[in-house]
Structure formats: C-alpha cells, structure tokens
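**Student:** Dropping the structure in here first, questions after.
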Amino acid sequence: MRRVTERRAILSGSVFEEQIGYARAVVDGDQVYVSGTTGFDYATMTISGDVVEQAEQCLRNIGTALTAAGCTFADVVRVRYLLPDRADFEPCWPVLRRCFGEVRPAATMMVAGLADPRMRIEIEVDARRRTA
C-alpha cells in the first residue's frame, strides 16, 4: 500500500509567486523545500542595493517560511547561494554564519544571473522537519 504524505504550499505574498506560479516553500511529509529567496521585503516590495542587507532580508524571508512549515534554521540540511558577482559572497559570510554556523548544512555557491538586476543574492534551502 502506498503511503500518502502531507503536501502543502506556503505562500509569502510575493507578487512573483502569482505571476510565475510557484510557492515560497513546499512541505512534503517531513521535507521542506524553500524556493530561491531574494532580498525583497515582501510587505513593501522594495529591495536594498546593499548585498549584505539583501542577504539579511533573504534570511528573514526564509525564516518566516521555515516557521510556517514548522521548522527553524536548525532543521536546514542543504543551502544554495546564487550570486551574479562572486565578489559579493564573502561580505555576506558573517550574516550567513549567524544562521548556519552551528547547523553546518551541505552548501553550494553558484555564480549565476538572477531574474532582476537589483537582486544581488538568492538563497534556497531544504530542511527536514523533526518528529517529536
């Protein structure tokens, strides 16, 4: 017999989710997949020009999605960083370490173009919900 697991979408209110057709995160059983998340403040749909401030906002957005999924940063098992300019990565390290320094998820950094030229970093995480 096939086991059916819970699958639900978590939306952030970003206009991009509706325009493109995706969710900020998807919970599938004990797995949580958080989409590539940029530094947009979804309440105001504004984005800082500073890469470190964008990284901080990315992590706030991801933290909100993880909370909605019943997780924290401690549950993250995989993180992917995408930046158009590799020189922008190192200035973000202290911010990233605050969330992931103790967790030590598997990680990848890629240099890639992003959807909007104002975007200087995008972060994607996978997490595993822990059972009580």
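Each chain of the structure tokens is named A, B, ... in the order shown, its residues numbered from 1; ligands are numbered from 1 in display order.
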Determine which residues of chain A DSSP labels as alpha helix (DSSP H) from the backbone of this structure, then write them out as a ChimeraX atom specification.

**Tutor:** /A:15-16,51-68,89-100

**Student:** May I have the selected residues written with N, CA and C atoms, as a JSON list (two decimals), in the first residue's frame?

**Tutor:**
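Wrote result23.json, looks like this:
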```
[["chain", "number", "residue", "atom", "x", "y", "z"],
["A", 15, "VAL", "N", 4.49, 39.07, -5.17],
["A", 15, "VAL", "CA", 3.77, 39.11, -6.44],
["A", 15, "VAL", "C", 4.36, 38.10, -7.43],
["A", 16, "PHE", "N", 5.64, 37.76, -7.26],
["A", 16, "PHE", "CA", 6.29, 36.82, -8.16],
["A", 16, "PHE", "C", 5.66, 35.43, -8.08],
["A", 51, "VAL", "N", 24.34, 44.27, -0.82],
["A", 51, "VAL", "CA", 24.26, 42.81, -0.84],
["A", 51, "VAL", "C", 24.11, 42.22, 0.56],
["A", 52, "VAL", "N", 24.78, 42.80, 1.56],
["A", 52, "VAL", "CA", 24.67, 42.26, 2.92],
["A", 52, "VAL", "C", 23.25, 42.46, 3.45],
["A", 53, "GLU", "N", 22.67, 43.63, 3.21],
["A", 53, "GLU", "CA", 21.28, 43.87, 3.62],
["A", 53, "GLU", "C", 20.34, 42.93, 2.88],
["A", 54, "GLN", "N", 20.63, 42.66, 1.61],
["A", 54, "GLN", "CA", 19.81, 41.70, 0.87],
["A", 54, "GLN", "C", 19.92, 40.31, 1.49],
["A", 55, "ALA", "N", 21.12, 39.90, 1.87],
["A", 55, "ALA", "CA", 21.30, 38.58, 2.50],
["A", 55, "ALA", "C", 20.51, 38.50, 3.79],
["A", 56, "GLU", "N", 20.54, 39.56, 4.58],
["A", 56, "GLU", "CA", 19.78, 39.59, 5.84],
["A", 56, "GLU", "C", 18.29, 39.44, 5.56],
["A", 57, "GLN", "N", 17.79, 40.16, 4.55],
["A", 57, "GLN", "CA", 16.36, 40.06, 4.21],
["A", 57, "GLN", "C", 16.03, 38.69, 3.65],
["A", 58, "CYS", "N", 16.90, 38.12, 2.84],
["A", 58, "CYS", "CA", 16.69, 36.75, 2.35],
["A", 58, "CYS", "C", 16.46, 35.82, 3.53],
["A", 59, "LEU", "N", 17.33, 35.92, 4.53],
["A", 59, "LEU", "CA", 17.25, 35.02, 5.68],
["A", 59, "LEU", "C", 16.00, 35.28, 6.51],
["A", 60, "ARG", "N", 15.58, 36.54, 6.62],
["A", 60, "ARG", "CA", 14.31, 36.82, 7.31],
["A", 60, "ARG", "C", 13.15, 36.16, 6.55],
["A", 61, "ASN", "N", 13.15, 36.29, 5.22],
["A", 61, "ASN", "CA", 12.10, 35.68, 4.41],
["A", 61, "ASN", "C", 12.11, 34.16, 4.54],
["A", 62, "ILE", "N", 13.29, 33.58, 4.51],
["A", 62, "ILE", "CA", 13.42, 32.12, 4.66],
["A", 62, "ILE", "C", 12.97, 31.70, 6.05],
["A", 63, "GLY", "N", 13.38, 32.45, 7.08],
["A", 63, "GLY", "CA", 12.97, 32.13, 8.45],
["A", 63, "GLY", "C", 11.46, 32.12, 8.60],
["A", 64, "THR", "N", 10.78, 33.06, 7.96],
["A", 64, "THR", "CA", 9.32, 33.11, 8.01],
["A", 64, "THR", "C", 8.72, 31.86, 7.37],
["A", 65, "ALA", "N", 9.27, 31.45, 6.23],
["A", 65, "ALA", "CA", 8.77, 30.25, 5.55],
["A", 65, "ALA", "C", 9.03, 29.00, 6.38],
["A", 66, "LEU", "N", 10.22, 28.92, 6.97],
["A", 66, "LEU", "CA", 10.54, 27.75, 7.81],
["A", 66, "LEU", "C", 9.60, 27.67, 9.01],
["A", 67, "THR", "N", 9.33, 28.81, 9.63],
["A", 67, "THR", "CA", 8.40, 28.83, 10.77],
["A", 67, "THR", "C", 7.02, 28.33, 10.35],
["A", 68, "ALA", "N", 6.54, 28.81, 9.20],
["A", 68, "ALA", "CA", 5.24, 28.37, 8.70],
["A", 68, "ALA", "C", 5.21, 26.88, 8.42],
["A", 89, "PHE", "N", 30.02, 37.48, -2.39],
["A", 89, "PHE", "CA", 29.76, 36.38, -1.47],
["A", 89, "PHE", "C", 30.46, 36.57, -0.12],
["A", 90, "GLU", "N", 31.73, 36.84, -0.14],
["A", 90, "GLU", "CA", 32.48, 36.93, 1.12],
["A", 90, "GLU", "C", 31.94, 37.99, 2.07],
["A", 91, "PRO", "N", 31.53, 39.18, 1.62],
["A", 91, "PRO", "CA", 30.95, 40.15, 2.57],
["A", 91, "PRO", "C", 29.71, 39.61, 3.29],
["A", 92, "CYS", "N", 29.03, 38.63, 2.71],
["A", 92, "CYS", "CA", 27.82, 38.05, 3.32],
["A", 92, "CYS", "C", 28.13, 36.97, 4.35],
["A", 93, "TRP", "N", 29.34, 36.47, 4.39],
["A", 93, "TRP", "CA", 29.67, 35.34, 5.26],
["A", 93, "TRP", "C", 29.26, 35.54, 6.72],
["A", 94, "PRO", "N", 29.53, 36.70, 7.35],
["A", 94, "PRO", "CA", 29.13, 36.84, 8.76],
["A", 94, "PRO", "C", 27.62, 36.68, 8.96],
["A", 95, "VAL", "N", 26.82, 37.21, 8.04],
["A", 95, "VAL", "CA", 25.36, 37.09, 8.13],
["A", 95, "VAL", "C", 24.95, 35.63, 7.98],
["A", 96, "LEU", "N", 25.53, 34.95, 7.00],
["A", 96, "LEU", "CA", 25.19, 33.55, 6.74],
["A", 96, "LEU", "C", 25.61, 32.66, 7.91],
["A", 97, "ARG", "N", 26.77, 32.97, 8.49],
["A", 97, "ARG", "CA", 27.27, 32.17, 9.61],
["A", 97, "ARG", "C", 26.34, 32.27, 10.83],
["A", 98, "ARG", "N", 25.70, 33.43, 11.02],
["A", 98, "ARG", "CA", 24.78, 33.57, 12.16],
["A", 98, "ARG", "C", 23.65, 32.55, 12.08],
["A", 99, "CYS", "N", 23.18, 32.24, 10.88],
["A", 99, "CYS", "CA", 22.09, 31.27, 10.73],
["A", 99, "CYS", "C", 22.58, 29.84, 10.59],
["A", 100, "PHE", "N", 23.72, 29.65, 9.95],
["A", 100, "PHE", "CA", 24.15, 28.30, 9.58],
["A", 100, "PHE", "C", 25.43, 27.82, 10.25]]
```

**Student:** Name the residues in contact with A:Tyr81 at a cut-off of 9 Å, using only C-alpha atoms, excluding same-chain residues fewer than 4 positions from it; report them as a list in words.

**Tutor:**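 The neighbour list is Gly36, Phe89, Ala107, Thr108, Met109, Met110, Val111, Ile121, Glu122, Ile123, Glu124 and Val125 of chain A.
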
**Student:** Hey, what's within 10 Å of A:Ala69 if we count only C-alpha atoms and toss same-chain stuff fewer than 5 positions away? As an mmCIF file with N, CA and C atoms, in the first residue's frame, please?

**Tutor:**
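Result went into selection_5.cif, see below:
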```cif
data_model
loop_
_atom_site.group_PDB
_atom_site.id
_atom_site.type_symbol
_atom_site.label_atom_id
_atom_site.label_comp_id
_atom_site.auth_asym_id
_atom_site.auth_seq_id
_atom_site.Cartn_x
_atom_site.Cartn_y
_atom_site.Cartn_z
ATOM 1 N N ARG A 8 1.818 20.585 1.168
ATOM 2 C CA ARG A 8 1.142 21.879 1.176
ATOM 3 C C ARG A 8 2.103 22.982 0.765
ATOM 4 N N ALA A 9 1.544 23.992 0.171
ATOM 5 C CA ALA A 9 2.323 25.142 -0.279
ATOM 6 C C ALA A 9 2.258 26.245 0.770
ATOM 7 N N ILE A 10 3.374 26.932 0.932
ATOM 8 C CA ILE A 10 3.449 28.099 1.811
ATOM 9 C C ILE A 10 3.716 29.306 0.915
ATOM 10 N N ALA A 25 7.548 28.070 -0.316
ATOM 11 C CA ALA A 25 8.038 26.792 0.197
ATOM 12 C C ALA A 25 6.972 25.728 -0.030
ATOM 13 N N VAL A 26 7.442 24.484 -0.059
ATOM 14 C CA VAL A 26 6.547 23.343 -0.154
ATOM 15 C C VAL A 26 6.931 22.370 0.958
ATOM 16 N N VAL A 27 5.925 21.942 1.707
ATOM 17 C CA VAL A 27 6.101 20.912 2.727
ATOM 18 C C VAL A 27 5.568 19.625 2.133
ATOM 19 N N ASP A 28 6.404 18.609 2.114
ATOM 20 C CA ASP A 28 6.016 17.298 1.591
ATOM 21 C C ASP A 28 6.456 16.262 2.618
ATOM 22 N N ASP A 30 7.955 15.093 5.788
ATOM 23 C CA ASP A 30 8.885 15.751 6.706
ATOM 24 C C ASP A 30 9.912 16.627 5.978
ATOM 25 N N GLN A 31 9.796 16.708 4.665
ATOM 26 C CA GLN A 31 10.721 17.520 3.869
ATOM 27 C C GLN A 31 10.137 18.909 3.618
ATOM 28 N N VAL A 32 11.005 19.915 3.676
ATOM 29 C CA VAL A 32 10.605 21.291 3.410
ATOM 30 C C VAL A 32 11.570 21.854 2.377
ATOM 31 N N TYR A 33 11.005 22.378 1.304
ATOM 32 C CA TYR A 33 11.787 22.941 0.206
ATOM 33 C C TYR A 33 11.447 24.422 0.107
ATOM 34 N N VAL A 34 12.416 25.267 0.398
ATOM 35 C CA VAL A 34 12.200 26.712 0.309
ATOM 36 C C VAL A 34 12.790 27.194 -1.014
ATOM 37 N N GLY A 63 13.379 32.454 7.079
ATOM 38 C CA GLY A 63 12.968 32.132 8.451
ATOM 39 C C GLY A 63 11.459 32.118 8.603
ATOM 40 N N THR A 64 10.784 33.065 7.964
ATOM 41 C CA THR A 64 9.318 33.114 8.009
ATOM 42 C C THR A 64 8.722 31.862 7.368
ATOM 43 N N ALA A 127 15.017 21.622 4.167
ATOM 44 C CA ALA A 127 15.029 21.292 5.606
ATOM 45 C C ALA A 127 14.260 19.995 5.818
ATOM 46 N N ARG A 128 14.471 19.425 6.975
ATOM 47 C CA ARG A 128 13.750 18.206 7.355
ATOM 48 C C ARG A 128 13.100 18.451 8.706
ATOM 49 N N ARG A 129 11.771 18.358 8.725
ATOM 50 C CA ARG A 129 11.046 18.555 9.978
ATOM 51 C C ARG A 129 11.325 17.394 10.885
#
```

**Student:** Kindly give the distance, in Å, that separates atom CA of A:Met119 and atom CA of A:Leu11, rounded to a single decimal.

**Tutor:**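 If I compute the distance from atom CA of A:Met119 to atom CA of A:Leu11, I get 20.0 Å.
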
**Student:** Go through A:Ala115, A:Tyr22, A:Asp126, A:Phe40 and flag the residue nearest A:Thr72, using only C-alpha atoms for the distances.

**Tutor:**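 The answer is A:Asp126, which sits nearest to A:Thr72.
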
**Student:** Could you check how far atom CA of A:Ser12 sits from atom CA of A:Tyr42, in Å to one decimal?

**Tutor:** 7.3 Å

**Student:** May I ask for the distance between atom CA of A:Thr38 and atom CA of A:Leu82, given in Å to one decimal place?

**Tutor:**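 It comes out at 9.6 Å.
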
**Student:** Of the candidates A:Gly13, A:Gly113, A:Gly101, A:Pro84, which shows the shortest atom-to-atom distance to A:Asp41, using only C-alpha atoms?

**Tutor:**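 Looking at the shortest contact to A:Asp41, the residue is A:Gly13.
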
**Student:** Looking only at strand (DSSP E) from DSSP on the backbone, list the matching residues of stretch 53-93 of chain A as an NGL selection string.

**Tutor:** :A and (76-83)
